[in-house]
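Here's my_file.cif, which has mmCIF, C-alpha atoms and all ligand atoms:
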```
data_my_file
loop_
_atom_site.label_atom_id
_atom_site.label_comp_id
_atom_site.auth_asym_id
_atom_site.auth_seq_id
_atom_site.Cartn_x
_atom_site.Cartn_y
_atom_site.Cartn_z
CA MET H 1 95.70 106.66 116.43
CA LEU H 2 92.94 106.49 113.80
CA ARG H 3 94.10 103.16 112.43
CA ALA H 4 92.01 100.97 114.76
CA PRO H 5 88.67 102.82 114.25
CA LEU H 6 89.20 102.96 110.48
CA LEU H 7 89.97 99.23 110.34
CA ALA H 8 86.87 98.54 112.45
CA ALA H 9 84.88 100.72 110.02
CA ALA H 10 86.26 98.63 107.14
CA ARG H 11 84.15 95.75 108.50
CA SER H 12 81.01 97.77 109.33
CA THR H 13 78.05 97.56 106.96
CA ARG H 14 76.55 100.73 108.46
CA MET H 15 79.72 102.74 107.80
CA ARG H 16 79.89 101.21 104.36
CA SER H 17 76.46 102.60 103.39
CA LEU H 18 77.43 106.02 104.75
CA VAL H 19 80.80 106.21 102.97
CA GLU H 20 79.43 104.85 99.69
CA ALA H 21 76.61 107.40 99.71
CA VAL H 22 78.99 110.40 99.70
CA PRO H 23 79.40 111.60 96.09
CA ALA H 24 83.00 112.78 96.63
CA THR H 25 84.08 109.31 97.77
CA ARG H 26 84.18 107.94 94.24
CA ALA H 27 86.59 110.62 93.07
CA VAL H 28 89.02 109.59 95.82
CA VAL H 29 88.48 105.89 95.20
CA ARG H 30 89.58 106.40 91.58
CA ARG H 31 93.05 107.25 92.86
CA PHE H 32 93.44 103.70 94.24
CA VAL H 33 91.13 101.60 92.04
CA ALA H 34 91.41 101.10 88.26
CA GLY H 35 87.64 101.15 87.67
CA ALA H 36 84.61 98.92 87.92
CA GLN H 37 84.93 96.70 84.83
CA THR H 38 87.37 94.29 83.17
CA PRO H 39 88.25 96.82 80.41
CA ASP H 40 89.33 99.28 83.11
CA ALA H 41 91.75 96.71 84.54
CA VAL H 42 93.07 95.88 81.06
CA ARG H 43 93.54 99.58 80.22
CA VAL H 44 95.60 100.17 83.38
CA ALA H 45 97.63 96.99 82.75
CA ARG H 46 98.42 98.29 79.25
CA GLU H 47 99.40 101.74 80.52
CA LEU H 48 101.69 100.27 83.17
CA ALA H 49 103.23 97.79 80.71
CA ALA H 50 104.04 100.69 78.38
CA GLY H 51 106.04 102.23 81.21
CA GLY H 52 107.93 99.01 82.00
CA ARG H 53 105.83 97.96 84.99
CA ARG H 54 104.07 94.63 85.49
CA VAL H 55 100.76 94.09 87.22
CA THR H 56 99.02 91.91 89.72
CA LEU H 57 95.28 92.43 89.28
CA ASP H 58 92.81 92.05 92.12
CA HIS H 59 89.11 91.60 91.45
CA LEU H 60 87.79 93.43 94.52
CA GLY H 61 85.62 91.54 96.99
CA GLU H 62 86.11 89.62 100.22
CA ASP H 63 84.35 87.74 103.00
CA THR H 64 81.64 86.19 100.88
CA THR H 65 79.34 83.63 102.48
CA ASP H 66 77.44 83.10 99.26
CA ARG H 67 78.54 80.28 96.99
CA GLY H 68 77.08 81.93 93.88
CA GLN H 69 79.08 85.09 94.61
CA ALA H 70 82.25 83.01 94.96
CA GLU H 71 81.59 81.46 91.53
CA THR H 72 80.97 84.92 90.03
CA THR H 73 84.39 85.98 91.31
CA VAL H 74 86.05 82.96 89.69
CA LYS H 75 84.35 83.81 86.38
CA ALA H 76 85.51 87.42 86.68
CA TYR H 77 89.14 86.25 86.96
CA ALA H 78 88.70 83.90 83.98
CA THR H 79 87.23 86.76 81.91
CA LEU H 80 90.06 89.05 82.94
CA LEU H 81 92.80 86.54 82.10
CA ARG H 82 91.31 85.90 78.66
CA ALA H 83 90.94 89.64 78.00
CA LEU H 84 94.59 90.17 78.94
CA ASP H 85 95.61 87.31 76.66
CA GLU H 86 93.64 88.74 73.70
CA ARG H 87 95.59 91.99 74.04
CA GLY H 88 98.99 90.33 74.49
CA LEU H 89 99.22 91.38 78.15
CA ALA H 90 98.85 88.04 79.96
CA GLU H 91 102.40 86.66 79.75
CA GLY H 92 104.15 87.66 82.98
CA ALA H 93 101.00 89.15 84.51
CA ASP H 94 99.76 88.01 87.92
CA VAL H 95 96.35 87.96 89.59
CA SER H 96 95.91 88.43 93.33
CA VAL H 97 93.14 86.35 94.87
CA LYS H 98 91.55 86.67 98.30
CA LEU H 99 90.44 83.19 99.32
CA SER H 100 87.56 84.69 101.32
CA ALA H 101 86.20 86.00 98.00
CA VAL H 102 86.13 82.51 96.48
CA GLY H 103 84.50 80.61 99.34
CA GLN H 104 86.93 80.18 102.28
CA ASN H 105 84.30 81.47 104.75
CA LEU H 106 81.40 79.32 103.54
CA PRO H 107 79.96 77.60 106.60
CA ALA H 108 80.24 73.91 105.78
CA ASP H 109 83.03 73.21 103.32
CA GLY H 110 84.60 76.62 102.75
CA GLU H 111 88.21 75.47 102.52
CA ARG H 112 87.41 72.78 99.97
CA VAL H 113 85.37 75.22 97.83
CA ALA H 114 88.11 77.87 98.04
CA LEU H 115 90.75 75.32 97.01
CA GLU H 116 88.67 74.14 94.03
CA ASN H 117 87.97 77.73 92.97
CA ALA H 118 91.61 78.71 93.33
CA ARG H 119 92.52 75.69 91.18
CA VAL H 120 90.20 76.93 88.43
CA ILE H 121 91.83 80.36 88.52
CA CYS H 122 95.33 78.79 88.46
CA THR H 123 94.33 76.64 85.46
CA GLU H 124 93.09 79.73 83.59
CA ALA H 125 96.26 81.62 84.49
CA ALA H 126 98.54 78.76 83.40
CA ALA H 127 96.77 78.64 80.02
CA VAL H 128 97.81 82.23 79.25
CA GLY H 129 101.24 82.38 80.91
CA ALA H 130 100.14 84.31 84.00
CA THR H 131 100.61 83.51 87.70
CA VAL H 132 98.43 83.65 90.81
CA THR H 133 99.23 85.04 94.27
CA LEU H 134 97.00 84.37 97.28
CA ASP H 135 96.45 87.57 99.25
CA MET H 136 96.64 87.18 103.03
CA GLU H 137 93.72 88.31 105.17
CA ASP H 138 93.35 88.44 108.97
CA HIS H 139 95.36 86.05 111.16
CA THR H 140 92.47 83.60 111.65
CA THR H 141 92.90 82.62 107.98
CA THR H 142 96.70 82.24 107.83
CA ASP H 143 96.91 78.48 108.46
CA SER H 144 94.04 77.76 106.09
CA THR H 145 95.53 79.97 103.35
CA LEU H 146 98.99 78.41 103.65
CA GLY H 147 97.41 74.93 103.64
CA ILE H 148 95.58 75.75 100.40
CA LEU H 149 98.81 77.18 98.97
CA ARG H 150 100.59 73.88 99.69
CA GLU H 151 97.88 71.93 97.84
CA LEU H 152 97.93 74.32 94.90
CA ARG H 153 101.71 74.23 94.58
CA ALA H 154 101.61 70.47 93.98
CA ASP H 155 100.04 71.25 90.57
CA PHE H 156 101.04 74.88 90.10
CA PRO H 157 104.50 75.29 91.65
CA TRP H 158 104.53 78.99 90.75
CA ALA H 159 101.47 79.77 92.91
CA GLY H 160 102.49 82.42 95.43
CA ALA H 161 101.26 83.80 98.74
CA VAL H 162 101.56 86.84 100.96
CA LEU H 163 103.19 86.87 104.38
CA GLN H 164 102.62 89.76 106.82
CA ALA H 165 105.60 90.97 108.83
CA TYR H 166 103.39 92.22 111.68
CA LEU H 167 102.53 88.64 112.65
CA ARG H 168 104.89 87.11 115.22
CA ARG H 169 104.85 83.80 113.34
CA THR H 170 105.98 85.21 110.00
CA GLU H 171 109.75 84.83 110.34
CA THR H 172 109.18 81.08 110.75
CA ASP H 173 106.74 81.03 107.83
CA CYS H 174 109.33 82.83 105.69
CA ALA H 175 111.93 80.16 106.48
CA GLU H 176 109.44 77.42 105.52
CA LEU H 177 108.54 79.19 102.28
CA SER H 178 112.02 80.16 101.13
CA GLY H 179 112.68 77.01 99.09
CA PRO H 180 113.18 76.72 95.32
CA GLY H 181 110.49 78.36 93.19
CA SER H 182 108.55 79.67 96.18
CA ARG H 183 106.98 83.04 95.38
CA VAL H 184 106.39 85.03 98.57
CA ARG H 185 105.12 88.60 98.73
CA LEU H 186 106.29 90.17 101.97
CA CYS H 187 104.14 93.05 103.23
CA LYS H 188 103.73 94.66 106.66
CA GLY H 189 100.05 93.68 107.10
CA ALA H 190 96.85 95.69 106.83
CA TYR H 191 94.35 94.27 109.38
CA ALA H 192 93.60 95.04 113.04
CA GLU H 193 95.32 92.22 114.94
CA PRO H 194 95.67 91.54 118.69
CA ALA H 195 99.01 91.79 120.51
CA SER H 196 98.90 88.04 121.17
CA VAL H 197 99.64 87.38 117.49
CA ALA H 198 100.98 90.62 116.06
CA PHE H 199 103.55 93.30 116.82
CA GLN H 200 101.73 96.54 117.67
CA GLU H 201 104.48 99.17 117.34
CA LYS H 202 105.55 100.36 113.89
CA SER H 203 109.21 100.02 114.90
CA GLU H 204 108.66 96.36 115.85
CA VAL H 205 106.84 95.68 112.57
CA ASP H 206 109.66 97.32 110.60
CA LYS H 207 112.31 95.25 112.42
CA SER H 208 110.32 92.10 111.74
CA TYR H 209 110.00 93.10 108.06
CA VAL H 210 113.80 93.38 107.78
CA ARG H 211 114.37 90.00 109.52
CA CYS H 212 111.83 88.35 107.20
CA LEU H 213 113.37 90.02 104.17
CA ARG H 214 116.80 88.64 105.08
CA VAL H 215 115.36 85.12 105.39
CA LEU H 216 113.61 85.33 102.02
CA MET H 217 116.51 87.00 100.20
CA SER H 218 118.99 84.42 101.58
CA GLY H 219 116.77 81.53 100.48
CA SER H 220 116.28 80.04 97.04
CA GLY H 221 112.76 81.27 96.39
CA TYR H 222 111.42 84.36 94.65
CA PRO H 223 110.90 87.23 97.14
CA MET H 224 108.39 89.92 96.24
CA VAL H 225 109.11 93.05 98.26
CA ALA H 226 105.76 94.79 98.80
CA SER H 227 106.26 98.10 100.58
CA HIS H 228 106.16 101.84 99.90
CA ASP H 229 108.47 102.47 102.82
CA PRO H 230 111.72 104.05 101.53
CA ARG H 231 113.72 102.31 104.29
CA MET H 232 112.38 98.85 103.45
CA VAL H 233 112.99 99.44 99.74
CA ALA H 234 116.55 100.64 100.37
CA ILE H 235 117.32 97.62 102.59
CA ALA H 236 115.88 95.25 99.97
CA GLU H 237 117.99 96.89 97.24
CA HIS H 238 121.06 96.55 99.45
CA LEU H 239 120.35 92.85 100.09
CA VAL H 240 119.83 92.21 96.37
CA GLY H 241 123.29 93.64 95.69
CA GLN H 242 124.95 91.97 98.68
CA LEU H 243 123.52 88.52 97.89
CA GLY H 244 124.01 88.83 94.13
CA ARG H 245 120.35 88.34 93.26
CA SER H 246 119.55 88.92 89.59
CA PRO H 247 116.52 90.87 88.33
CA ALA H 248 114.99 87.50 87.43
CA ASP H 249 114.83 86.20 91.00
CA HIS H 250 113.12 88.93 92.99
CA GLU H 251 110.73 91.80 92.45
CA PHE H 252 109.35 94.95 94.05
CA GLN H 253 105.62 95.60 94.39
CA MET H 254 103.55 98.68 95.24
CA LEU H 255 99.87 99.54 95.19
CA TYR H 256 98.23 101.35 92.28
CA GLY H 257 98.16 105.10 92.92
CA ILE H 258 100.88 105.07 95.59
CA ARG H 259 104.38 106.46 94.93
CA PRO H 260 104.20 106.14 91.12
CA ASP H 261 107.48 108.07 90.67
CA GLU H 262 109.26 105.59 92.94
CA GLN H 263 107.68 102.73 90.98
CA ARG H 264 109.16 104.18 87.77
CA ARG H 265 112.54 104.72 89.45
CA ILE H 266 112.74 101.10 90.62
CA ALA H 267 111.78 99.80 87.15
CA ALA H 268 114.34 102.10 85.50
CA ASP H 269 117.02 100.73 87.86
CA GLY H 270 116.50 97.31 86.28
CA HIS H 271 114.35 95.56 88.90
CA THR H 272 111.00 93.98 88.11
CA MET H 273 108.39 96.41 89.45
CA ARG H 274 104.87 95.06 89.80
CA VAL H 275 101.86 97.20 90.61
CA TYR H 276 98.89 95.80 92.54
CA VAL H 277 95.84 97.01 90.61
CA PRO H 278 92.40 96.50 92.18
CA TYR H 279 89.26 96.81 90.08
CA GLY H 280 85.54 96.15 90.53
CA ASP H 281 82.64 97.51 92.54
CA GLU H 282 83.52 96.06 95.94
CA TRP H 283 86.12 98.69 96.81
CA TYR H 284 84.92 99.60 100.32
CA GLY H 285 87.12 97.32 102.50
CA TYR H 286 90.22 97.91 100.34
CA PHE H 287 89.67 101.68 100.37
CA MET H 288 89.22 101.87 104.14
CA ARG H 289 92.45 99.90 104.72
CA ARG H 290 94.30 102.45 102.54
CA LEU H 291 92.85 105.31 104.62
CA ALA H 292 93.87 103.52 107.81
CA GLU H 293 97.50 103.03 106.87
CA ARG H 294 98.43 106.63 106.19
CA PRO H 295 97.12 109.89 107.69
CA ALA H 296 97.87 111.67 104.39
CA ASN H 297 95.43 109.37 102.56
CA LEU H 298 92.75 110.19 105.13
CA ALA H 299 93.51 113.93 104.86
CA PHE H 300 93.19 113.68 101.07
CA PHE H 301 89.78 112.02 101.49
CA LEU H 302 88.58 114.60 104.04
CA ARG H 303 89.73 117.48 101.83
CA ALA H 304 87.79 115.99 98.90
CA LEU H 305 84.68 115.72 101.08
CA ALA H 306 85.03 119.32 102.21
CA THR H 307 85.48 120.73 98.72
CA ARG H 308 82.98 118.61 96.82
CA SER H 309 80.05 117.85 99.06
P1 LIG H 401 103.96 102.07 105.89
O1 LIG H 401 102.46 102.20 105.70
O2 LIG H 401 104.50 101.67 107.22
O3 LIG H 401 104.59 103.39 105.39
C1 LIG H 401 105.96 103.66 105.63
C2 LIG H 401 106.44 104.82 104.80
O4 LIG H 401 106.20 104.57 103.41
C3 LIG H 401 105.74 106.12 105.07
O5 LIG H 401 106.21 106.74 106.24
C4 LIG H 401 106.06 106.88 103.79
O6 LIG H 401 107.39 107.34 103.83
C5 LIG H 401 105.96 105.80 102.74
N1 LIG H 401 104.60 105.80 102.18
C6 LIG H 401 103.61 104.94 102.47
N2 LIG H 401 102.50 105.27 101.77
C7 LIG H 401 102.82 106.35 101.03
C8 LIG H 401 102.11 107.17 100.11
N3 LIG H 401 100.80 106.97 99.83
N4 LIG H 401 102.77 108.19 99.52
C9 LIG H 401 104.04 108.44 99.81
N5 LIG H 401 104.77 107.70 100.69
C10 LIG H 401 104.17 106.68 101.28
N6 LIG H 401 98.37 93.60 103.31
C11 LIG H 401 97.81 92.46 103.78
O7 LIG H 401 97.50 92.38 104.98
N7 LIG H 401 97.57 91.41 102.94
C12 LIG H 401 97.92 91.44 101.62
O8 LIG H 401 97.68 90.46 100.88
C13 LIG H 401 98.53 92.62 101.11
N8 LIG H 401 98.91 92.73 99.80
C14 LIG H 401 99.67 93.80 99.41
C15 LIG H 401 100.20 93.85 98.13
C16 LIG H 401 101.05 94.87 97.75
C17 LIG H 401 101.66 94.88 96.39
C18 LIG H 401 101.35 95.93 98.68
C19 LIG H 401 102.29 97.03 98.31
C20 LIG H 401 100.79 95.91 99.93
C21 LIG H 401 99.93 94.87 100.30
N9 LIG H 401 99.35 94.85 101.55
C22 LIG H 401 98.74 93.70 102.00
C23 LIG H 401 99.30 96.10 102.39
C24 LIG H 401 100.45 96.17 103.37
O9 LIG H 401 100.29 95.19 104.37
C25 LIG H 401 100.53 97.53 104.05
O10 LIG H 401 99.35 97.81 104.74
C26 LIG H 401 100.81 98.68 103.10
O11 LIG H 401 101.66 98.33 102.06
C27 LIG H 401 101.45 99.83 103.88
O12 LIG H 401 102.69 99.44 104.39
P2 LIG H 401 104.09 99.99 103.81
O13 LIG H 401 105.07 98.87 103.83
O14 LIG H 401 103.86 100.54 102.46
O15 LIG H 401 104.62 101.05 104.80
#
```
Take the structure in the file and write it out as structure tokens.
Ligand code: FDA
Amino acid sequence: MLRAPLLAAARSTRMRSLVEAVPATRAVVRRFVAGAQTPDAVRVARELAAGGRRVTLDHLGEDTTDRGQAETTVKAYATLLRALDERGLAEGADVSVKLSAVGQNLPADGERVALENARVICTEAAAVGATVTLDMEDHTTTDSTLGILRELRADFPWAGAVLQAYLRRTETDCAELSGPGSRVRLCKGAYAEPASVAFQEKSEVDKSYVRCLRVLMSGSGYPMVASHDPRMVAIAEHLVGQLGRSPADHEFQMLYGIRPDEQRRIAADGHTMRVYVPYGDEWYGYFMRRLAERPANLAFFLRALATRS
């Protein structure tokens, strides 16, 4: 019931100032975000690697309409990838990139700028043995993001993308992206979307997730199962066994701070387990989407406000 207002708040600058001004907010944010700086991201990557988990690192930020800001984001990824390399953590690591953070929404030539910036990040990643996954934002960006993915894959065949099971189109997109080498992260979807393009009921989204999972797991690509939902994880594990997929041709992914025991269990069972680790100052939109997707996260936040402020 609170999902829609919280997702609307995620896009409100007024709400942003209010939420950011509350001292207790930062304590809660730390549960989901590694920290503000590159060393924070590297520290968390090292801790997770020590426990057998891989990372995909997200430099927080989205929806920029400022070209300079987009370039700053590209530099932040380059700095991060080099820092990981210096500490022997880059090989097998991944970075998650929101195209709206690297220029996709610039008024005149946003797509071209985003493609060029994504190319720079892919080049930096390739140099240190890491990969890049394009996050997926709201449905108005899906065609543009998949178009940019196609261009990138011509030079960087390992470049991956996210598909959102709540979108009605996604089963078809999964079929198109299930070919050799195609890295697809399947998630449920985190934005407020209209019924014309997206399933609205959780049960419909879950059924779509399972259909999409079957398509990806039956294909010859590299499915990345991104969900904390015990049912989705169990179905994915079953499909891996049924279809004889090896640990080298699929992986599980969860968000930093969510179900860490289950993350360790999946890794201990021999699957690749990758944790999505956001870092940076621009945590507001990411944080609000986490509150929106689970009442318990919101309750945790409200309890922190009540006890600390
Ligand atoms: P859902 O939120 O439906 O939860 C189902 C069940 O999971 C719950 O009933 C509970 O049992 C369990 N659960 C969930 N959270 C829990 C918690 N905190 N503690 C304990 N149990 C919990 N979205 C997007 O639109 N674009 C993107 O690019 C990405 N990228 C992305 C990367 C990765 C690695 C992940 C894991 C997720 C994303 N997402 C995303 C977010 C995604 O779309 C979705 O909003 C969340 O993952 C929540 O959906 P779930 O599948 O986890 O299940």
Residue contacts of Ala234 of chain H (12 Å, only C-alpha atoms) excluding same-chain residues fewer than 2 positions away, as a PDB file with C-alpha atoms, in the coordinates of the input:
```pdb
ATOM      1  CA  VAL H 210     113.800  93.380 107.780  1.00  0.00           C
ATOM      2  CA  LEU H 213     113.370  90.020 104.170  1.00  0.00           C
ATOM      3  CA  VAL H 225     109.110  93.050  98.260  1.00  0.00           C
ATOM      4  CA  SER H 227     106.260  98.100 100.580  1.00  0.00           C
ATOM      5  CA  HIS H 228     106.160 101.840  99.900  1.00  0.00           C
ATOM      6  CA  ASP H 229     108.470 102.470 102.820  1.00  0.00           C
ATOM      7  CA  PRO H 230     111.720 104.050 101.530  1.00  0.00           C
ATOM      8  CA  ARG H 231     113.720 102.310 104.290  1.00  0.00           C
ATOM      9  CA  MET H 232     112.380  98.850 103.450  1.00  0.00           C
ATOM     10  CA  ALA H 236     115.880  95.250  99.970  1.00  0.00           C
ATOM     11  CA  GLU H 237     117.990  96.890  97.240  1.00  0.00           C
ATOM     12  CA  HIS H 238     121.060  96.550  99.450  1.00  0.00           C
ATOM     13  CA  LEU H 239     120.350  92.850 100.090  1.00  0.00           C
ATOM     14  CA  VAL H 240     119.830  92.210  96.370  1.00  0.00           C
ATOM     15  CA  GLY H 241     123.290  93.640  95.690  1.00  0.00           C
ATOM     16  CA  PHE H 252     109.350  94.950  94.050  1.00  0.00           C
ATOM     17  CA  GLU H 262     109.260 105.590  92.940  1.00  0.00           C
ATOM     18  CA  ILE H 266     112.740 101.100  90.620  1.00  0.00           C
TER      19      ILE H 266
END
```
Please determine, counting all atoms listed in the file, which residue among H:Val95, H:Leu80, H:Leu177, H:Leu115 has the shortest atom-to-atom distance to ligand LIG 401 (chain H).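 Checking each candidate against ligand LIG 401 (chain H), we get H:Val95 as the closest.
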As a quick test: using all atoms listed in the file, which residues lie no more than 9 Å away from ligand LIG 401 (chain H)? Give them as number ranges by chain. H: 56, 96-98, 133-138, 161-166, 185-191, 202, 205-206, 209, 224-233, 252-260, 274-277, 289-290, 292-294, 296-297
Select, from H:Cys174, H:Arg168, H:Glu111, H:Ser100, the residue with the minimum atom-to-atom distance to Glu151 of chain H, counting all atoms listed in the file.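 Going through H:Cys174, H:Arg168, H:Glu111, H:Ser100 one by one, the smallest distance to Glu151 of chain H is for H:Glu111.
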One-decimal distance in Å that lies between atom CA of Ala27 of chain H and atom CA of Val44 of chain H: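 For atom CA of Val44 of chain H relative to atom CA of Ala27 of chain H, the distance reads 16.9 Å.
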For Leu291 of chain H, the nearest of the candidates H:Ala24, H:Ala159, H:Val29, H:Ala49, counting only C-alpha atoms: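 Ranked by minimum distance to Leu291 of chain H, first place goes to H:Val29.
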Any idea what the distance is between atom CA of Phe287 of chain H and atom CA of Gly61 of chain H?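 These two atoms are separated by 11.4 Å.
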Nearest to Arg153 of chain H, chosen from H:Ser203, H:Thr172, H:Thr131, H:Thr140, with all atoms listed in the file counted in the distances: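 Once distances to Arg153 of chain H are computed over all atoms listed in the file, the minimum belongs to H:Thr131.
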Which residues are close to Pro223 of chain H, i.e. within 8 Å by all atoms listed in the file, leaving aside same-chain residues fewer than 6 positions away? Reply as a short mmCIF file (atom, residue, chain, number, x, y, z; two decimals) with C-alpha atoms, in the frame of the given file.
```cif
data_model
loop_
_atom_site.label_atom_id
_atom_site.label_comp_id
_atom_site.auth_asym_id
_atom_site.auth_seq_id
_atom_site.Cartn_x
_atom_site.Cartn_y
_atom_site.Cartn_z
CA SER H 182 108.55 79.67 96.18
CA ARG H 183 106.98 83.04 95.38
CA VAL H 184 106.39 85.03 98.57
CA ARG H 185 105.12 88.60 98.73
CA LEU H 186 106.29 90.17 101.97
CA LEU H 213 113.37 90.02 104.17
CA LEU H 216 113.61 85.33 102.02
CA MET H 217 116.51 87.00 100.20
CA ASP H 249 114.83 86.20 91.00
CA HIS H 250 113.12 88.93 92.99
CA GLU H 251 110.73 91.80 92.45
#
```
Given only C-alpha atoms as the counted atoms, nearest of H:Arg87, H:Lys207, H:Val120, H:Asp94 to Gly160 of chain H: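 Between H:Arg87, H:Lys207, H:Val120, H:Asp94, the residue approaching Gly160 of chain H most closely is H:Asp94.
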Find the residues near segment 62-68 of chain H: any atom within 8 Å, counting all atoms listed in the file, skip ones fewer than 3 places away on the same chain, and give them as a ChimeraX atom specification. /H:71-72,98-103,105-107
Which of H:Arg30, H:Arg169, H:Arg119, H:Arg303 sits closest to Val197 of chain H [using all atoms listed in the file]: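 Among H:Arg30, H:Arg169, H:Arg119, H:Arg303, it is H:Arg169 that comes nearest to Val197 of chain H.
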Figure out the distance between atom CA of Thr272 of chain H and atom CA of Ala93 of chain H, please, to one decimal in Å.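 For atom CA of Ala93 of chain H relative to atom CA of Thr272 of chain H, the distance reads 11.7 Å.
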In the coordinate frame of the file, compute which residues have an atom within 12 Å of (87.9, 80.2, 83.2) when using only C-alpha atoms, and state them as a list in words.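 Counting only C-alpha atoms, I find these residues within 12 Å of (87.9, 80.2, 83.2): Glu71, Thr72, Thr73, Val74, Lys75, Ala76, Tyr77, Ala78, Thr79, Leu80, Leu81, Arg82, Ala83, Asn117, Ala118, Arg119, Val120, Ile121, Cys122, Thr123, Glu124, Ala125, Ala126, Ala127 and Val128 of chain H.
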Would you save the residues from that selection as a compact mmCIF listing (two decimals), keeping the file's coordinate frame, using C-alpha atoms?
```
# COMPACT_ATOMS: atom_id res chain seq x y z
CA GLU H 71 81.59 81.46 91.53
CA THR H 72 80.97 84.92 90.03
CA THR H 73 84.39 85.98 91.31
CA VAL H 74 86.05 82.96 89.69
CA LYS H 75 84.35 83.81 86.38
CA ALA H 76 85.51 87.42 86.68
CA TYR H 77 89.14 86.25 86.96
CA ALA H 78 88.70 83.90 83.98
CA THR H 79 87.23 86.76 81.91
CA LEU H 80 90.06 89.05 82.94
CA LEU H 81 92.80 86.54 82.10
CA ARG H 82 91.31 85.90 78.66
CA ALA H 83 90.94 89.64 78.00
CA ASN H 117 87.97 77.73 92.97
CA ALA H 118 91.61 78.71 93.33
CA ARG H 119 92.52 75.69 91.18
CA VAL H 120 90.20 76.93 88.43
CA ILE H 121 91.83 80.36 88.52
CA CYS H 122 95.33 78.79 88.46
CA THR H 123 94.33 76.64 85.46
CA GLU H 124 93.09 79.73 83.59
CA ALA H 125 96.26 81.62 84.49
CA ALA H 126 98.54 78.76 83.40
CA ALA H 127 96.77 78.64 80.02
CA VAL H 128 97.81 82.23 79.25
```
At a cut-off of 9 Å, using all atoms listed in the file, what residues contact Arg53 of chain H? Leave out same-chain residues fewer than 2 positions from it and give the result as a list in words.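 The residues that qualify are Ala45, Glu47, Leu48, Ala49, Ala50, Gly51, Val55, Gln263, Arg264, Ala267, Thr272, Met273, Arg274 and Val275 of chain H.
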